[in-house]
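S.K.: Provided below: start34.pdb, containing PDB, C-alpha atoms and all ligand atoms.
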```pdb
ATOM      1  CA  MET A 257       0.000   0.000   0.000  1.00  0.00           C
ATOM      2  CA  LYS A 258       1.209   3.459  -0.891  1.00  0.00           C
ATOM      3  CA  CYS A 259       0.341   6.760   0.813  1.00  0.00           C
ATOM      4  CA  ASP A 260      -1.299   9.293  -1.520  1.00  0.00           C
ATOM      5  CA  SER A 261       0.320  12.216   0.335  1.00  0.00           C
ATOM      6  CA  CYS A 262       3.970  11.335   0.973  1.00  0.00           C
ATOM      7  CA  GLY A 263       4.424   8.258  -1.234  1.00  0.00           C
ATOM      8  CA  PHE A 264       5.481   6.000   1.660  1.00  0.00           C
ATOM      9  CA  GLU A 265       5.040   2.352   0.632  1.00  0.00           C
ATOM     10  CA  GLU A 266       4.717  -0.624   2.990  1.00  0.00           C
ATOM     11  CA  ASN A 267       2.638  -3.728   3.592  1.00  0.00           C
ATOM     12  CA  ALA A 268      -1.018  -2.712   4.082  1.00  0.00           C
ATOM     13  CA  ARG A 269      -1.063  -4.033   7.642  1.00  0.00           C
ATOM     14  CA  TYR A 270       1.124  -1.091   8.766  1.00  0.00           C
ATOM     15  CA  PHE A 271      -1.609   1.336   7.699  1.00  0.00           C
ATOM     16  CA  ASN A 272      -4.248   1.701  10.409  1.00  0.00           C
ATOM     17  CA  VAL A 273      -7.854   1.305   9.343  1.00  0.00           C
ATOM     18  CA  LEU A 274      -9.635   4.472  10.445  1.00  0.00           C
ATOM     19  CA  ALA A 275     -13.054   3.545   9.112  1.00  0.00           C
ATOM     20  CA  CYS A 276     -14.545   1.016   6.716  1.00  0.00           C
ATOM     21  CA  ASP A 277     -17.805  -0.026   5.129  1.00  0.00           C
ATOM     22  CA  PHE A 278     -18.767  -2.588   2.497  1.00  0.00           C
ATOM     23  CA  THR A 279     -17.175  -0.713  -0.381  1.00  0.00           C
ATOM     24  CA  LYS A 280     -14.195   1.245   0.959  1.00  0.00           C
ATOM     25  CA  GLN A 281     -11.752   1.855   3.794  1.00  0.00           C
ATOM     26  CA  ALA A 282     -10.073   4.939   5.211  1.00  0.00           C
ATOM     27  CA  ARG A 283      -6.437   4.213   6.036  1.00  0.00           C
ATOM     28  CA  GLU A 284      -3.842   6.209   7.913  1.00  0.00           C
ATOM     29  CA  CYS A 285      -0.247   6.558   6.704  1.00  0.00           C
ATOM     30  CA  PRO A 286       2.174   5.419   9.486  1.00  0.00           C
ATOM     31  CA  LYS A 287       4.717   7.999   8.325  1.00  0.00           C
ATOM     32  CA  CYS A 288       2.886  11.290   7.683  1.00  0.00           C
ATOM     33  CA  HIS A 289      -0.466  10.345   9.318  1.00  0.00           C
ATOM     34  CA  ALA A 290      -2.460  11.518   6.325  1.00  0.00           C
ATOM     35  CA  SER A 291      -5.665   9.608   5.705  1.00  0.00           C
ATOM     36  CA  PHE A 292      -6.799   8.342   2.330  1.00  0.00           C
ATOM     37  CA  PHE A 293      -9.455   6.041   0.866  1.00  0.00           C
ATOM     38  CA  ARG A 294      -9.134   2.737  -0.920  1.00  0.00           C
ATOM     39  CA  THR A 295     -12.038   0.801  -2.365  1.00  0.00           C
ATOM     40  CA  ASN A 296     -12.227  -2.843  -1.323  1.00  0.00           C
ATOM     41  CA  ILE A 297     -11.616  -3.871  -4.939  1.00  0.00           C
ATOM     42  CA  GLU A 298      -8.390  -1.837  -4.971  1.00  0.00           C
ATOM     43  CA  LEU A 299      -7.353  -3.444  -1.664  1.00  0.00           C
ATOM     44  CA  ILE A 300      -7.875  -6.959  -3.026  1.00  0.00           C
ATOM     45  CA  GLU A 301      -5.920  -6.084  -6.176  1.00  0.00           C
ATOM     46  CA  GLU A 302      -3.077  -4.645  -4.081  1.00  0.00           C
ATOM     47  CA  ARG A 303      -2.895  -7.832  -1.987  1.00  0.00           C
ATOM     48  CA  GLU A 304      -2.883 -10.051  -5.050  1.00  0.00           C
ATOM     49  CA  GLU A 305      -0.121  -7.961  -6.624  1.00  0.00           C
ATOM     50  CA  LEU A 306       1.885  -8.180  -3.403  1.00  0.00           C
ATOM     51  CA  ALA A 307       1.348 -11.960  -3.244  1.00  0.00           C
ATOM     52  CA  LYS A 308       2.716 -12.295  -6.786  1.00  0.00           C
ATOM     53  CA  LYS A 309       5.725 -10.126  -5.934  1.00  0.00           C
ATOM     54  CA  LEU A 310       6.471 -12.045  -2.716  1.00  0.00           C
ATOM     55  CA  THR A 311       6.109 -15.385  -4.497  1.00  0.00           C
ATOM     56  CA  MET A 312       8.732 -14.333  -7.046  1.00  0.00           C
ATOM     57  CA  GLN A 313      11.053 -13.073  -4.292  1.00  0.00           C
ATOM     58  CA  LEU A 314      10.563 -16.359  -2.434  1.00  0.00           C
ATOM     59  CA  VAL A 315      11.476 -18.388  -5.526  1.00  0.00           C
ATOM     60  CA  ASN A 316      14.579 -16.206  -6.000  1.00  0.00           C
ATOM     61  CA  ALA A 317      15.597 -16.604  -2.338  1.00  0.00           C
ATOM     62  CA  ILE A 318      15.322 -20.397  -2.643  1.00  0.00           C
ATOM     63  CA  GLY A 319      17.255 -20.271  -5.904  1.00  0.00           C
ATOM     64  CA  SER A 320      20.107 -18.458  -4.164  1.00  0.00           C
ATOM     65  CA  LYS A 321      19.776 -20.723  -1.094  1.00  0.00           C
ATOM     66  CA  ASP A 322      18.933 -17.834   1.227  1.00  0.00           C
ATOM     67  CA  ILE A 323      16.839 -19.937   3.618  1.00  0.00           C
ATOM     68  CA  GLU A 324      16.413 -17.246   6.275  1.00  0.00           C
ATOM     69  CA  GLN A 325      15.053 -14.758   3.734  1.00  0.00           C
ATOM     70  CA  ALA A 326      12.858 -17.473   2.201  1.00  0.00           C
ATOM     71  CA  ARG A 327      11.274 -18.127   5.622  1.00  0.00           C
ATOM     72  CA  LYS A 328      10.503 -14.409   5.984  1.00  0.00           C
ATOM     73  CA  TYR A 329       8.754 -14.366   2.618  1.00  0.00           C
ATOM     74  CA  ILE A 330       6.754 -17.461   3.572  1.00  0.00           C
ATOM     75  CA  ASP A 331       5.607 -15.758   6.804  1.00  0.00           C
ATOM     76  CA  GLU A 332       4.597 -12.667   4.824  1.00  0.00           C
ATOM     77  CA  LEU A 333       2.708 -14.785   2.301  1.00  0.00           C
ATOM     78  CA  ASP A 334       0.908 -16.747   5.034  1.00  0.00           C
ATOM     79  CA  LEU A 335      -0.180 -13.499   6.714  1.00  0.00           C
ATOM     80  CA  LEU A 336      -1.322 -12.106   3.390  1.00  0.00           C
ATOM     81  CA  ASN A 337      -3.220 -15.269   2.586  1.00  0.00           C
ATOM     82  CA  ILE A 338      -5.362 -14.893   5.714  1.00  0.00           C
ATOM     83  CA  GLN A 339      -6.850 -11.935   3.832  1.00  0.00           C
ATOM     84  CA  ILE A 340      -6.902 -13.134   0.233  1.00  0.00           C
ATOM     85  CA  ASN A 341      -7.609 -16.787   1.085  1.00  0.00           C
ATOM     86  CA  ASN A 342      -6.026 -18.305  -2.002  1.00  0.00           C
ATOM     87  CA  PRO A 343      -5.915 -22.136  -1.714  1.00  0.00           C
ATOM     88  CA  GLU A 344      -3.237 -22.425  -4.427  1.00  0.00           C
ATOM     89  CA  LEU A 345      -0.991 -20.057  -2.504  1.00  0.00           C
ATOM     90  CA  ALA A 346      -1.590 -22.006   0.741  1.00  0.00           C
ATOM     91  CA  LYS A 347      -0.567 -25.248  -1.012  1.00  0.00           C
ATOM     92  CA  PHE A 348       2.501 -23.560  -2.453  1.00  0.00           C
ATOM     93  CA  THR A 349       3.775 -22.198   0.894  1.00  0.00           C
ATOM     94  CA  GLU A 350       3.089 -25.563   2.600  1.00  0.00           C
ATOM     95  CA  LEU A 351       5.157 -27.314  -0.057  1.00  0.00           C
ATOM     96  CA  ILE A 352       8.052 -24.858   0.306  1.00  0.00           C
ATOM     97  CA  LYS A 353       7.938 -25.148   4.118  1.00  0.00           C
ATOM     98  CA  LYS A 354       8.263 -28.936   3.862  1.00  0.00           C
ATOM     99  CA  ARG A 355      11.213 -28.537   1.518  1.00  0.00           C
ATOM    100  CA  LEU A 356      12.987 -26.099   3.823  1.00  0.00           C
ATOM    101  CA  THR A 357      12.768 -28.300   6.922  1.00  0.00           C
TER     102      THR A 357
HETATM  103 ZN    ZN A 401       2.198   9.452   4.082  1.00  0.00          ZN
END
```
Can you turn what I pasted into structure tokens?
M.R.:
Amino acid sequence: MKCDSCGFEENARYFNVLACDFTKQARECPKCHASFFRTNIELIEEREELAKKLTMQLVNAIGSKDIEQARKYIDELDLLNIQINNPELAKFTELIKKRLT
């Protein structure tokens, strides 16, 4: 998620939810404390984009045998998947976890 005011970019969970309804959420930037709106569709798209990005980083970390970094990406993906609930992604992280142990 990216702040509209200062451009600060971080995982959406660092942005406090100020208010929400069925269609949108007001979020607060942890850096400049500006508030901005995101529609729920935009939020889902952002999470799916992030999941794709993290999956690629995870594959790269495994490729370069950086196990510690790979575990961090798996944790991030598992947290993200609580929200996007993608069964394919859950299977994928389970498989990687088994391989890493
Ligand atoms: Zn900001």
S.K.: Give me the result of the PyMOL selection byres (((not hetatm)) within 9 of (chain A and resi 401)) on this file, residue by residue, as a PyMOL selection string.
M.R.: chain A and resi 258-265+284-291
S.K.: Residues at most 9 Å from Ile340 of chain A, counting only C-alpha atoms, excluding those fewer than 4 positions away in the same chain, as a list in words?
M.R.: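 Residues meeting the cut-off are Ile300, Arg303, Glu304 and Leu336 of chain A.
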S.K.: A:Phe292, A:Tyr329, A:Phe348, A:Tyr270: which is nearest Leu310 of chain A, counting all atoms listed in the file?
M.R.: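 Result for the nearest residue to Leu310 of chain A: A:Tyr329.
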S.K.: Starting from the shown file, work through the PyMOL selection byres (((chain A and resi 306) around 10) and not hetatm) and note down what comes out as number ranges by chain.
M.R.: A: 257, 267-268, 300-305, 307-312, 332-333, 336
S.K.: Print the selection's residues with C-alpha atoms to a file, as a PDB file, in the coordinates of the input.
M.R.:
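Saved file out.pdb follows:
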```
ATOM      1  CA  MET A 257       0.000   0.000   0.000  1.00  0.00           C
ATOM      2  CA  ASN A 267       2.638  -3.728   3.592  1.00  0.00           C
ATOM      3  CA  ALA A 268      -1.018  -2.712   4.082  1.00  0.00           C
ATOM      4  CA  ILE A 300      -7.875  -6.959  -3.026  1.00  0.00           C
ATOM      5  CA  GLU A 301      -5.920  -6.084  -6.176  1.00  0.00           C
ATOM      6  CA  GLU A 302      -3.077  -4.645  -4.081  1.00  0.00           C
ATOM      7  CA  ARG A 303      -2.895  -7.832  -1.987  1.00  0.00           C
ATOM      8  CA  GLU A 304      -2.883 -10.051  -5.050  1.00  0.00           C
ATOM      9  CA  GLU A 305      -0.121  -7.961  -6.624  1.00  0.00           C
ATOM     10  CA  ALA A 307       1.348 -11.960  -3.244  1.00  0.00           C
ATOM     11  CA  LYS A 308       2.716 -12.295  -6.786  1.00  0.00           C
ATOM     12  CA  LYS A 309       5.725 -10.126  -5.934  1.00  0.00           C
ATOM     13  CA  LEU A 310       6.471 -12.045  -2.716  1.00  0.00           C
ATOM     14  CA  THR A 311       6.109 -15.385  -4.497  1.00  0.00           C
ATOM     15  CA  MET A 312       8.732 -14.333  -7.046  1.00  0.00           C
ATOM     16  CA  GLU A 332       4.597 -12.667   4.824  1.00  0.00           C
ATOM     17  CA  LEU A 333       2.708 -14.785   2.301  1.00  0.00           C
ATOM     18  CA  LEU A 336      -1.322 -12.106   3.390  1.00  0.00           C
TER      19      LEU A 336
END
```
S.K.: Hey, which of A:Ala346, A:Asp334, A:Lys280, A:Ile352 ends up closest to Ala317 of chain A? Count all atoms listed in the file.
M.R.: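 Ranked by minimum distance to Ala317 of chain A, first place goes to A:Ile352.
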